[in-house]
$ cat protein_16.csv   # CSV, C-alpha atoms and all ligand atoms
chain,number,residue,atom,x,y,z
A,1,VAL,CA,-145.1,14.3,-19.2
A,2,ALA,CA,-148.7,15.3,-18.6
A,3,GLU,CA,-149.7,17.4,-15.6
A,4,GLN,CA,-153.3,17.8,-14.5
A,5,LEU,CA,-154.4,20.6,-12.2
A,6,ILE,CA,-158.0,20.9,-10.9
A,7,VAL,CA,-159.8,24.2,-10.4
A,8,ARG,CA,-162.7,24.1,-8.0
A,9,THR,CA,-165.4,26.8,-8.6
A,10,PRO,CA,-168.8,27.5,-7.3
A,11,ASP,CA,-170.2,25.8,-10.4
A,12,GLY,CA,-168.1,22.6,-10.1
A,13,GLU,CA,-164.6,21.8,-11.0
A,14,TYR,CA,-162.6,21.6,-14.3
A,15,PRO,CA,-159.2,20.3,-15.3
A,16,ILE,CA,-156.2,22.1,-16.6
A,17,GLN,CA,-154.1,19.7,-18.6
A,18,ILE,CA,-150.5,20.7,-19.3
A,19,GLU,CA,-148.9,18.4,-21.9
A,20,ARG,CA,-146.4,18.8,-24.7
A,21,GLY,CA,-147.8,17.6,-28.0
A,22,LEU,CA,-151.3,17.7,-26.7
A,23,LEU,CA,-152.6,19.8,-29.6
A,24,ALA,CA,-151.2,17.5,-32.3
A,25,ARG,CA,-152.7,14.4,-30.5
A,26,LEU,CA,-156.1,15.9,-29.6
A,27,GLY,CA,-157.9,14.3,-32.6
A,28,ASP,CA,-157.0,10.8,-31.1
A,29,HIS,CA,-158.2,11.8,-27.7
A,30,ALA,CA,-161.3,13.9,-28.7
A,31,ALA,CA,-163.7,11.8,-26.6
A,32,ALA,CA,-161.7,12.2,-23.4
A,33,TRP,CA,-162.4,16.0,-23.6
A,34,GLY,CA,-165.9,15.8,-24.9
A,35,LEU,CA,-164.7,17.0,-28.3
A,36,ASP,CA,-166.2,14.2,-30.3
A,37,ARG,CA,-169.6,15.9,-30.4
A,38,ARG,CA,-170.6,19.0,-32.4
A,39,CYS,CA,-168.1,21.7,-31.8
A,40,ALA,CA,-166.7,25.0,-33.2
A,41,VAL,CA,-162.9,25.6,-33.2
A,42,VAL,CA,-162.7,29.3,-33.0
A,43,THR,CA,-159.3,30.9,-33.7
A,44,ASN,CA,-157.8,33.9,-35.4
A,45,THR,CA,-156.4,34.4,-38.9
A,46,THR,CA,-152.8,34.0,-37.6
A,47,LEU,CA,-153.4,30.8,-35.7
A,48,ALA,CA,-155.8,29.1,-38.2
A,49,PRO,CA,-153.0,28.0,-40.6
A,50,LEU,CA,-150.6,27.2,-37.7
A,51,TYR,CA,-153.0,25.1,-35.5
A,52,GLY,CA,-156.7,25.7,-36.2
A,53,GLU,CA,-157.1,24.0,-39.6
A,54,ARG,CA,-155.4,20.9,-38.4
A,55,LEU,CA,-157.3,20.7,-35.1
A,56,ALA,CA,-160.7,21.2,-36.8
A,57,SER,CA,-160.0,18.5,-39.3
A,58,ALA,CA,-158.7,16.1,-36.7
A,59,LEU,CA,-161.9,16.3,-34.6
A,60,PRO,CA,-164.8,14.2,-35.9
A,61,ASN,CA,-167.6,16.8,-35.8
A,62,ALA,CA,-166.0,20.2,-35.8
A,63,VAL,CA,-166.2,23.4,-37.9
A,64,LEU,CA,-163.5,26.0,-38.0
A,65,VAL,CA,-164.5,29.6,-37.3
A,66,THR,CA,-161.9,32.4,-37.8
A,67,ILE,CA,-161.9,35.9,-36.4
A,68,PRO,CA,-159.5,38.8,-37.2
A,69,ASP,CA,-156.3,39.0,-35.1
A,70,GLY,CA,-155.8,41.9,-32.7
A,71,GLU,CA,-157.2,43.6,-29.5
A,72,GLN,CA,-159.1,46.0,-31.8
A,73,HIS,CA,-161.3,43.1,-32.7
A,74,LYS,CA,-162.2,42.2,-29.1
A,75,THR,CA,-165.6,43.7,-29.6
A,76,LEU,CA,-169.3,43.1,-29.6
A,77,ASP,CA,-169.2,43.2,-33.4
A,78,THR,CA,-166.9,40.1,-33.4
A,79,VAL,CA,-169.2,38.4,-30.9
A,80,ALA,CA,-172.2,39.1,-33.2
A,81,MET,CA,-170.3,37.5,-36.1
A,82,LEU,CA,-169.6,34.5,-33.9
A,83,TYR,CA,-173.3,34.0,-32.9
A,84,ALA,CA,-174.1,34.0,-36.7
A,85,ASP,CA,-171.4,31.5,-37.4
A,86,PHE,CA,-172.6,29.3,-34.5
A,87,VAL,CA,-176.2,29.3,-35.8
A,88,SER,CA,-175.1,28.4,-39.4
A,89,ALA,CA,-172.8,25.7,-38.1
A,90,GLY,CA,-175.8,24.2,-36.2
A,91,LEU,CA,-174.4,24.6,-32.7
A,92,ASP,CA,-177.0,23.9,-30.1
A,93,ARG,CA,-177.0,23.8,-26.3
A,94,SER,CA,-175.2,20.5,-26.1
A,95,SER,CA,-172.4,21.8,-28.4
A,96,THR,CA,-168.9,22.9,-27.5
A,97,VAL,CA,-167.0,26.0,-28.4
A,98,ILE,CA,-163.2,25.7,-28.4
A,99,ALA,CA,-161.3,29.0,-28.0
A,100,LEU,CA,-157.9,28.4,-29.6
A,101,GLY,CA,-155.6,31.4,-29.3
A,102,GLY,CA,-154.2,34.2,-27.0
A,103,GLY,CA,-156.1,36.2,-24.5
A,104,VAL,CA,-158.0,38.1,-27.1
A,105,VAL,CA,-159.5,34.9,-28.6
A,106,GLY,CA,-160.1,33.5,-25.1
A,107,ASP,CA,-161.9,36.5,-23.8
A,108,THR,CA,-164.0,37.2,-27.0
A,109,VAL,CA,-164.9,33.5,-27.8
A,110,GLY,CA,-165.4,32.8,-24.1
A,111,PHE,CA,-168.0,35.6,-23.9
A,112,ALA,CA,-169.7,34.3,-27.0
A,113,ALA,CA,-169.8,30.8,-25.4
A,114,ALA,CA,-171.2,32.3,-22.1
A,115,THR,CA,-174.1,34.0,-23.9
A,116,TYR,CA,-174.9,31.9,-27.0
A,117,MET,CA,-178.2,30.1,-26.1
A,118,ARG,CA,-177.5,31.2,-22.5
A,119,GLY,CA,-174.3,29.3,-22.5
A,120,VAL,CA,-172.6,26.4,-24.2
A,121,ARG,CA,-169.7,24.2,-23.2
A,122,LEU,CA,-166.3,26.0,-23.5
A,123,VAL,CA,-162.8,24.5,-23.8
A,124,GLN,CA,-159.9,26.9,-23.7
A,125,ILE,CA,-156.8,26.1,-25.6
A,126,PRO,CA,-154.5,29.0,-24.8
A,127,THR,CA,-151.6,29.5,-27.3
A,128,SER,CA,-149.8,32.6,-25.9
A,129,LEU,CA,-147.8,32.4,-22.7
A,130,LEU,CA,-150.0,35.1,-21.2
A,131,ALA,CA,-153.2,33.2,-22.0
A,132,MET,CA,-151.7,30.0,-20.6
A,133,VAL,CA,-150.8,31.4,-17.2
A,134,ASP,CA,-153.4,34.2,-16.8
A,135,SER,CA,-156.4,34.8,-19.0
A,136,SER,CA,-157.5,31.2,-19.6
A,137,VAL,CA,-157.8,30.5,-15.8
A,138,GLY,CA,-160.3,32.1,-13.6
A,139,GLY,CA,-163.5,32.4,-15.7
A,140,LYS,CA,-163.4,36.0,-16.6
A,141,VAL,CA,-164.5,36.6,-20.3
A,142,GLY,CA,-165.5,39.7,-22.1
A,143,VAL,CA,-164.9,42.4,-24.7
A,144,ASP,CA,-163.9,46.0,-25.0
A,145,LEU,CA,-166.1,49.0,-25.7
A,146,PRO,CA,-165.0,52.2,-27.5
A,147,GLN,CA,-165.2,53.8,-24.0
A,148,GLY,CA,-162.7,51.4,-22.4
A,149,LYS,CA,-161.2,47.9,-22.2
A,150,ASN,CA,-163.1,44.9,-20.7
A,151,LEU,CA,-166.2,46.9,-20.0
A,152,VAL,CA,-168.6,44.1,-21.0
A,153,GLY,CA,-168.1,40.6,-19.6
A,154,ALA,CA,-169.2,37.6,-17.7
A,155,PHE,CA,-167.9,34.8,-15.4
A,156,LYS,CA,-167.8,31.7,-17.5
A,157,GLN,CA,-166.0,28.7,-16.2
A,158,PRO,CA,-164.5,26.5,-19.0
A,159,ASP,CA,-165.1,22.7,-19.1
A,160,ALA,CA,-161.4,22.2,-19.6
A,161,VAL,CA,-158.2,24.2,-20.3
A,162,LEU,CA,-155.7,22.4,-22.5
A,163,ILE,CA,-152.2,23.8,-22.5
A,164,ASP,CA,-149.6,22.6,-25.0
A,165,PRO,CA,-146.3,24.3,-24.4
A,166,ASP,CA,-145.2,23.2,-27.9
A,167,ALA,CA,-147.5,26.0,-29.3
A,168,LEU,CA,-145.0,28.5,-27.8
A,169,ALA,CA,-142.5,27.6,-30.6
A,170,THR,CA,-144.3,30.0,-33.0
A,171,LEU,CA,-145.1,32.8,-30.5
A,172,PRO,CA,-143.1,35.9,-31.4
A,173,PRO,CA,-140.4,36.6,-28.7
A,174,ARG,CA,-141.9,40.0,-27.7
A,175,GLU,CA,-145.3,38.3,-27.1
A,176,TYR,CA,-143.5,35.6,-25.1
A,177,ARG,CA,-142.0,38.3,-22.8
A,178,GLN,CA,-145.5,39.8,-22.2
A,179,GLY,CA,-146.3,36.5,-20.5
A,180,LEU,CA,-143.1,36.5,-18.5
A,181,ALA,CA,-144.2,39.7,-16.8
A,182,GLU,CA,-147.3,38.1,-15.5
A,183,ILE,CA,-145.4,35.0,-14.5
A,184,ILE,CA,-143.0,37.1,-12.4
A,185,LYS,CA,-146.0,38.8,-10.9
A,186,HIS,CA,-147.4,35.4,-9.9
A,187,GLY,CA,-144.0,34.4,-8.4
A,188,LEU,CA,-143.9,37.6,-6.3
A,189,LEU,CA,-147.4,37.0,-5.1
A,190,ALA,CA,-147.0,33.4,-4.0
A,191,ASP,CA,-144.2,31.3,-5.3
A,192,GLU,CA,-140.5,32.3,-4.9
A,193,MET,CA,-139.4,29.2,-6.9
A,194,ILE,CA,-140.9,30.8,-10.0
A,195,LEU,CA,-138.5,33.7,-9.7
A,196,SER,CA,-135.4,31.4,-10.0
A,197,LEU,CA,-136.9,29.0,-12.5
A,198,VAL,CA,-137.9,31.8,-14.9
A,199,ARG,CA,-134.2,32.4,-15.7
A,200,THR,CA,-133.8,28.8,-16.7
A,201,SER,CA,-135.2,26.8,-19.7
A,202,ALA,CA,-137.7,25.0,-17.4
A,203,ILE,CA,-140.7,26.7,-19.0
A,204,ASP,CA,-143.1,23.8,-18.5
A,205,GLU,CA,-142.5,23.9,-14.7
A,206,VAL,CA,-142.8,27.7,-14.7
A,207,ILE,CA,-146.1,27.4,-16.5
A,208,ARG,CA,-147.4,24.8,-14.0
A,209,ARG,CA,-146.4,26.9,-11.0
A,210,ALA,CA,-147.7,30.1,-12.4
A,211,VAL,CA,-151.1,28.5,-13.3
A,212,GLN,CA,-151.2,27.0,-9.8
A,213,VAL,CA,-150.8,30.5,-8.2
A,214,LYS,CA,-153.6,31.8,-10.3
A,215,ILE,CA,-155.8,28.8,-9.4
A,216,GLU,CA,-155.2,29.4,-5.7
A,217,VAL,CA,-156.2,33.1,-5.9
A,218,VAL,CA,-159.3,32.5,-8.0
A,219,GLN,CA,-160.4,29.6,-5.9
A,220,ALA,CA,-160.2,31.8,-2.8
A,221,ASP,CA,-162.1,34.6,-4.4
A,222,PRO,CA,-164.0,33.3,-7.5
A,223,PHE,CA,-166.1,36.5,-8.0
A,224,GLU,CA,-163.3,39.1,-7.4
A,225,GLN,CA,-164.6,40.4,-4.1
A,226,ASN,CA,-161.4,40.5,-2.1
A,227,ILE,CA,-158.0,38.9,-2.4
A,228,ARG,CA,-158.3,38.5,-6.2
A,229,ALA,CA,-157.2,42.2,-6.1
A,230,HIS,CA,-153.7,40.9,-5.3
A,231,LEU,CA,-153.5,39.9,-9.0
A,232,ASN,CA,-153.4,43.6,-9.7
A,233,LEU,CA,-149.9,43.9,-8.3
A,234,GLY,CA,-148.1,46.4,-10.6
A,235,HIS,CA,-151.3,46.9,-12.6
A,236,THR,CA,-152.5,50.2,-11.1
A,237,PHE,CA,-149.3,51.7,-12.5
A,238,ALA,CA,-149.4,49.5,-15.7
A,239,HIS,CA,-153.0,50.5,-16.7
A,240,ALA,CA,-152.1,54.2,-16.3
A,241,LEU,CA,-148.9,53.9,-18.3
A,242,GLU,CA,-150.7,52.0,-21.1
A,243,GLN,CA,-153.4,54.7,-21.2
A,244,VAL,CA,-151.0,57.7,-21.1
A,245,SER,CA,-148.9,56.1,-23.9
A,246,GLY,CA,-152.1,55.7,-26.0
A,247,TYR,CA,-151.7,52.0,-25.7
A,248,GLY,CA,-148.2,52.2,-27.3
A,249,ILE,CA,-146.8,50.2,-24.5
A,250,PRO,CA,-147.8,46.5,-24.6
A,251,HIS,CA,-149.6,45.2,-21.5
A,252,GLY,CA,-146.8,42.9,-20.2
A,253,GLU,CA,-144.1,45.6,-20.6
A,254,ALA,CA,-146.4,48.0,-18.7
A,255,VAL,CA,-146.8,45.4,-16.0
A,256,ALA,CA,-143.0,45.1,-15.8
A,257,MET,CA,-142.7,48.8,-15.4
A,258,GLY,CA,-145.6,48.7,-12.9
A,259,LEU,CA,-143.9,46.0,-10.9
A,260,ALA,CA,-140.8,48.1,-10.6
A,261,ALA,CA,-142.9,51.1,-9.5
A,262,ALA,CA,-144.9,49.0,-7.0
A,263,LEU,CA,-141.6,47.6,-5.5
A,264,ARG,CA,-140.1,51.1,-5.3
A,265,LEU,CA,-143.3,52.4,-3.6
A,266,SER,CA,-143.1,49.5,-1.2
A,267,VAL,CA,-139.5,50.4,-0.3
A,268,ARG,CA,-140.5,54.1,0.1
A,269,LEU,CA,-143.3,53.2,2.5
A,270,ARG,CA,-140.8,50.9,4.4
A,271,LEU,CA,-142.9,47.8,3.7
A,272,CYS,CA,-140.0,45.9,2.0
A,273,ASP,CA,-136.3,46.3,1.8
A,274,SER,CA,-134.5,47.6,-1.2
A,275,ALA,CA,-132.7,44.3,-1.9
A,276,LEU,CA,-136.0,42.8,-3.0
A,277,MET,CA,-136.7,45.7,-5.2
A,278,GLU,CA,-133.3,45.6,-6.8
A,279,GLY,CA,-133.6,41.8,-7.3
A,280,VAL,CA,-136.9,42.2,-9.1
A,281,GLU,CA,-135.6,44.9,-11.3
A,282,SER,CA,-132.6,42.9,-12.3
A,283,LEU,CA,-134.7,39.8,-13.0
A,284,LEU,CA,-137.1,41.8,-15.2
A,285,ARG,CA,-134.1,43.2,-17.1
A,286,ASP,CA,-132.5,39.8,-17.5
A,287,VAL,CA,-135.6,38.4,-19.2
A,288,GLY,CA,-135.7,41.4,-21.5
A,289,LEU,CA,-138.4,43.4,-19.8
A,290,PRO,CA,-138.3,47.1,-19.2
A,291,THR,CA,-138.2,48.7,-15.7
A,292,ARG,CA,-138.2,52.3,-16.9
A,293,THR,CA,-140.9,53.9,-19.0
A,294,PRO,CA,-140.5,56.1,-22.0
A,295,PRO,CA,-140.6,59.8,-21.2
A,296,MET,CA,-144.0,60.9,-20.1
A,297,ASP,CA,-145.8,63.4,-17.9
A,298,ALA,CA,-146.0,62.0,-14.3
A,299,GLU,CA,-149.0,64.2,-13.6
A,300,LEU,CA,-150.9,62.6,-16.4
A,301,VAL,CA,-150.0,59.1,-15.1
A,302,TYR,CA,-151.3,60.1,-11.6
A,303,ALA,CA,-154.5,61.5,-13.1
A,304,ALA,CA,-155.0,58.2,-15.1
A,305,MET,CA,-154.5,56.2,-11.9
A,306,ALA,CA,-157.0,58.4,-10.1
A,307,THR,CA,-159.8,57.3,-12.5
A,308,ASP,CA,-159.2,53.6,-11.4
A,309,LYS,CA,-162.6,52.0,-10.4
A,310,LYS,CA,-161.0,50.8,-7.2
A,311,TRP,CA,-159.9,54.3,-6.0
A,312,ARG,CA,-163.2,55.0,-4.4
A,313,GLY,CA,-163.9,58.6,-3.6
A,314,GLY,CA,-160.4,59.8,-4.4
A,315,HIS,CA,-158.7,57.4,-2.0
A,316,SER,CA,-155.7,55.9,-3.6
A,317,ARG,CA,-155.3,52.1,-3.5
A,318,PHE,CA,-152.2,50.1,-4.3
A,319,ILE,CA,-151.2,46.4,-4.1
A,320,LEU,CA,-147.8,46.5,-2.6
A,321,LEU,CA,-145.4,43.8,-1.3
A,322,ARG,CA,-143.9,43.2,2.1
A,323,GLN,CA,-141.9,40.3,0.8
A,324,VAL,CA,-142.3,37.5,-1.7
A,325,GLY,CA,-145.6,35.9,-0.9
A,326,GLN,CA,-146.9,38.8,1.2
A,327,PRO,CA,-148.9,41.2,-0.9
A,328,VAL,CA,-150.7,44.0,1.0
A,329,ILE,CA,-153.4,46.4,0.0
A,330,VAL,CA,-152.5,50.0,1.0
A,331,GLU,CA,-154.9,52.9,0.8
A,332,ASP,CA,-154.4,56.6,1.0
A,333,VAL,CA,-150.8,56.6,0.0
A,334,PRO,CA,-149.5,60.2,0.1
A,335,VAL,CA,-149.5,61.8,-3.3
A,336,SER,CA,-145.9,62.9,-2.8
A,337,ASP,CA,-144.7,59.3,-2.4
A,338,VAL,CA,-146.4,58.2,-5.5
A,339,MET,CA,-145.1,61.2,-7.5
A,340,THR,CA,-141.5,60.5,-6.3
A,341,THR,CA,-141.9,56.9,-7.3
A,342,LEU,CA,-143.1,57.9,-10.8
A,343,ALA,CA,-140.2,60.2,-11.1
A,344,GLU,CA,-137.9,57.2,-10.4
A,345,VAL,CA,-139.4,54.9,-13.1
A,346,ILE,CA,-140.2,57.5,-15.8
A,347,GLY,CA,-137.3,57.5,-18.3
B,1,LIG,N1,-159.8,37.1,-18.8
B,1,LIG,C1,-158.8,37.4,-18.0
B,1,LIG,O1,-158.7,37.1,-16.8
B,1,LIG,C2,-157.6,38.1,-18.6
B,1,LIG,C3,-156.4,38.2,-17.9
B,1,LIG,C4,-155.3,38.9,-18.5
B,1,LIG,C5,-155.5,39.4,-19.8
B,1,LIG,N2,-156.6,39.2,-20.5
B,1,LIG,C6,-156.8,39.7,-21.9
B,1,LIG,O2,-155.9,39.0,-22.7
B,1,LIG,C7,-155.6,39.8,-23.8
B,1,LIG,C8,-154.1,39.7,-24.1
B,1,LIG,O3,-153.8,38.4,-24.4
B,1,LIG,P1,-152.5,38.0,-25.2
B,1,LIG,O4,-151.3,38.7,-24.6
B,1,LIG,O5,-152.5,36.5,-25.4
B,1,LIG,O6,-152.7,38.7,-26.6
B,1,LIG,P2,-153.3,38.2,-28.0
B,1,LIG,O7,-154.4,37.3,-27.8
B,1,LIG,O8,-153.5,39.5,-28.8
B,1,LIG,O9,-152.0,37.4,-28.6
B,1,LIG,C9,-150.8,38.1,-28.9
B,1,LIG,C10,-150.4,37.9,-30.4
B,1,LIG,O10,-149.8,36.6,-30.4
B,1,LIG,C11,-150.4,35.8,-31.4
B,1,LIG,N3,-150.3,34.4,-31.0
B,1,LIG,C12,-150.9,33.9,-29.9
B,1,LIG,N4,-150.4,32.6,-29.8
B,1,LIG,C13,-149.5,32.4,-30.8
B,1,LIG,C14,-148.7,31.2,-31.1
B,1,LIG,N5,-148.7,30.1,-30.4
B,1,LIG,N6,-148.0,31.3,-32.3
B,1,LIG,C15,-148.0,32.5,-33.0
B,1,LIG,N7,-148.7,33.6,-32.7
B,1,LIG,C16,-149.5,33.5,-31.6
B,1,LIG,C17,-151.8,36.3,-31.5
B,1,LIG,O11,-152.4,36.0,-32.8
B,1,LIG,C18,-151.6,37.8,-31.4
B,1,LIG,O12,-151.2,38.4,-32.6
B,1,LIG,C19,-156.1,41.2,-23.5
B,1,LIG,O13,-157.3,41.5,-24.3
B,1,LIG,C20,-156.4,41.2,-22.0
B,1,LIG,O14,-157.5,42.0,-21.7
B,1,LIG,C21,-157.7,38.6,-19.9
B,2,ZN,ZN,-152.0,41.8,-16.6
$ encode --input "protein_16.csv" --output "structure tokens"
Amino acid sequence: VAEQLIVRTPDGEYPIQIERGLLARLGDHAAAWGLDRRCAVVTNTTLAPLYGERLASALPNAVLVTIPDGEQHKTLDTVAMLYADFVSAGLDRSSTVIALGGGVVGDTVGFAAATYMRGVRLVQIPTSLLAMVDSSVGGKVGVDLPQGKNLVGAFKQPDAVLIDPDALATLPPREYRQGLAEIIKHGLLADEMILSLVRTSAIDEVIRRAVQVKIEVVQADPFEQNIRAHLNLGHTFAHALEQVSGYGIPHGEAVAMGLAAALRLSVRLRLCDSALMEGVESLLRDVGLPTRTPPMDAELVYAAMATDKKWRGGHSRFILLRQVGQPVIVEDVPVSDVMTTLAEVIG
């Protein structure tokens, strides 16, 4: 069954198609997605032999462009290589760039598409669970700098997002779990059903619901001026844990630990009851995600949080939860409450 969701943005609207087998059939339906004209299928070295080569040869007028795999290649150097490949492939302002891959491909290729000739058409084909439910929706694209992650970027709405859950068959299990952490976050923010479905095998329905949550948030706040901050539930802790671990903790696992910390802090501040916190921790554990961190120095974690762009003038700022569907932004949380929370989640 095919599901189509529509995202309305300040620049118009675009469809998100969720359909098993879509990738294998795309050659026969190229015109429906505007993929019969000149286009570049951009993917990485892992995904080219799995999906990229076949897709590029199934489309009537496509070239395949391959970038190296890994967050360390989400850089301006890779973007410069893409520009050169786009020129030599003869891409012009009416051409389409297809970003086929996880969030790294989506962000990097999306940024190249946003800036090459001041912007060409972009179709996102996310292949990781995280990219399907999170990074491919919302229009944020960009790359890392040596000084920090995601420091250069743009808002670039895609012309379409095509999600084929069949692609998850080859996703390594640990990468799959990174996506589950964001899905559970989306459930906590706005859709309690996700929290029960995520324990079942109904992954297509889980994806649809998690995408819908992200759509609603980005539609309400397309340029990240207010409630899009809710998507940072668990992320203030997560970013600090990633940083202090020297990026040894993968993002989704850090988000799982961060969700546990955010729920514990919510209980401590009497915003929510401990049953919700315990339920979330047991759900995270049941799907194979960690709720405790490796041993680390809580002072360093606090210091890393204090460098958060959103902590203006030393005022702390957390996204916490009153109950499922009721996130709340809390500022100036007492340092002692945060430190006690860290002591609870640090292993
Ligand atoms: N733009 C946004 O709004 C947004 C939101 C969240 C995250 N992000 C970004 O997304 C990135 C993380 O994305 P990710 O978790 O997808 O990581 P990723 O792109 O590095 O993919 C993880 C690994 O899985 C592989 N892979 C992906 N799909 C596969 C498949 N179907 N079969 C086999 N292997 C597959 C990739 O090659 C990679 O090795 C980060 O750079 C993060 O900053 C962006
Ligand atoms: Zn995240």
$ residues_around --input "protein_16.csv" --residues "Leu171 in chain A" --least-positions-apart "6" --cutoff "12 Å" --atoms "only C-alpha atoms" --output "PyMOL selection string"
chain A and resi 46-47+50+101-102+126-131+165+177-179
$ closest_residue --input "protein_16.csv" --among "A:Ile18, A:Ala210, A:Val65, A:Met277" --to "Met193 in chain A" --atoms "all atoms listed in the file"
A:Ala210
$ residues_around --input "protein_16.csv" --residues "Gly234 in chain A" --least-positions-apart "6" --cutoff "9 Å" --atoms "all atoms listed in the file" --output "ChimeraX atom specification"
/A:185,254-263,318-320
$ closest_residue --input "protein_16.csv" --among "A:Arg209, A:Lys156, A:Lys214, A:Lys310" --to "Leu122 in chain A" --atoms "all atoms listed in the file"
A:Lys156
$ residues_near_ligand --input "protein_16.csv" --ligand "ligand ZN 2 (chain B)" --cutoff "8 Å" --atoms "only C-alpha atoms and all ligand atoms" --output "VMD selection string"
chain A and resid 134 182 231 to 232 235 251 to 252 255
$ atom_distance --input "protein_16.csv" --atom1 "CA of Pro294 in chain A" --atom2 "CA of Ala240 in chain A"
13.1 Å
$ atom_distance --input "protein_16.csv" --atom1 "CA of Asp164 in chain A" --atom2 "CA of Ile203 in chain A"
11.5 Å
$ atom_distance --input "protein_16.csv" --atom1 "CA of Arg322 in chain A" --atom2 "CA of Glu242 in chain A"
25.7 Å
$ residues_around --input "protein_16.csv" --residues "Thr78 in chain A" --least-positions-apart "3" --cutoff "12 Å" --atoms "all atoms listed in the file" --output "number ranges by chain"
A: 42-44, 65-75, 81-85, 104-105, 107-112, 142-145
$ residues_around --input "protein_16.csv" --residues "Val198 in chain A" --least-positions-apart "3" --cutoff "9 Å" --atoms "only C-alpha atoms" --output "JSON, numbers by chain"
{"A": [180, 183, 184, 193, 194, 195, 201, 202, 203, 206, 283, 287]}
$ closest_residue --input "protein_16.csv" --among "A:Met305, A:Leu91, A:Leu168, A:Val137" --to "Val120 in chain A" --atoms "only C-alpha atoms"
A:Leu91
$ residues_around --input "protein_16.csv" --residues "Thr96 in chain A" --least-positions-apart "6" --cutoff "9 Å" --atoms "all atoms listed in the file" --output "NGL selection string"
:A and (34-35 or 37-41 or 113 or 120-123)
$ closest_residue --input "protein_16.csv" --among "A:Leu76, A:Ala32, A:Leu189, A:Ala181" --to "Asp159 in chain A" --atoms "only C-alpha atoms"
A:Ala32
$ build_atoms --input "protein_16.csv" --residues "range 84-88 of chain A" --atoms "all heavy atoms" --output "mmCIF file, keeping the file's coordinate frame"
data_model
loop_
_atom_site.group_PDB
_atom_site.id
_atom_site.type_symbol
_atom_site.label_atom_id
_atom_site.label_comp_id
_atom_site.auth_asym_id
_atom_site.auth_seq_id
_atom_site.Cartn_x
_atom_site.Cartn_y
_atom_site.Cartn_z
ATOM 1 N N ALA A 84 -173.623 34.383 -35.333
ATOM 2 C CA ALA A 84 -174.100 34.000 -36.700
ATOM 3 C C ALA A 84 -173.461 32.749 -37.171
ATOM 4 O O ALA A 84 -174.118 31.858 -37.725
ATOM 5 C CB ALA A 84 -173.929 35.188 -37.637
ATOM 6 N N ASP A 85 -172.148 32.669 -36.966
ATOM 7 C CA ASP A 85 -171.400 31.500 -37.400
ATOM 8 C C ASP A 85 -171.869 30.234 -36.609
ATOM 9 O O ASP A 85 -171.944 29.134 -37.151
ATOM 10 C CB ASP A 85 -169.912 31.663 -37.236
ATOM 11 C CG ASP A 85 -169.339 32.631 -38.269
ATOM 12 O OD1 ASP A 85 -169.936 32.765 -39.359
ATOM 13 O OD2 ASP A 85 -168.295 33.252 -37.982
ATOM 14 N N PHE A 86 -172.147 30.423 -35.306
ATOM 15 C CA PHE A 86 -172.600 29.300 -34.500
ATOM 16 C C PHE A 86 -173.952 28.780 -34.990
ATOM 17 O O PHE A 86 -174.193 27.577 -35.063
ATOM 18 C CB PHE A 86 -172.721 29.678 -32.998
ATOM 19 C CG PHE A 86 -171.405 29.999 -32.321
ATOM 20 C CD1 PHE A 86 -171.393 30.567 -31.049
ATOM 21 C CD2 PHE A 86 -170.188 29.721 -32.943
ATOM 22 C CE1 PHE A 86 -170.182 30.860 -30.408
ATOM 23 C CE2 PHE A 86 -168.983 30.019 -32.307
ATOM 24 C CZ PHE A 86 -168.980 30.593 -31.038
ATOM 25 N N VAL A 87 -174.838 29.705 -35.328
ATOM 26 C CA VAL A 87 -176.200 29.300 -35.800
ATOM 27 C C VAL A 87 -175.993 28.553 -37.150
ATOM 28 O O VAL A 87 -176.527 27.449 -37.322
ATOM 29 C CB VAL A 87 -177.091 30.521 -36.030
ATOM 30 C CG1 VAL A 87 -178.378 30.099 -36.731
ATOM 31 C CG2 VAL A 87 -177.397 31.179 -34.692
ATOM 32 N N SER A 88 -175.190 29.116 -38.062
ATOM 33 C CA SER A 88 -175.100 28.400 -39.400
ATOM 34 C C SER A 88 -174.365 27.112 -39.269
ATOM 35 O O SER A 88 -174.578 26.220 -40.092
ATOM 36 C CB SER A 88 -174.530 29.355 -40.446
ATOM 37 O OG SER A 88 -173.315 29.883 -40.020
#
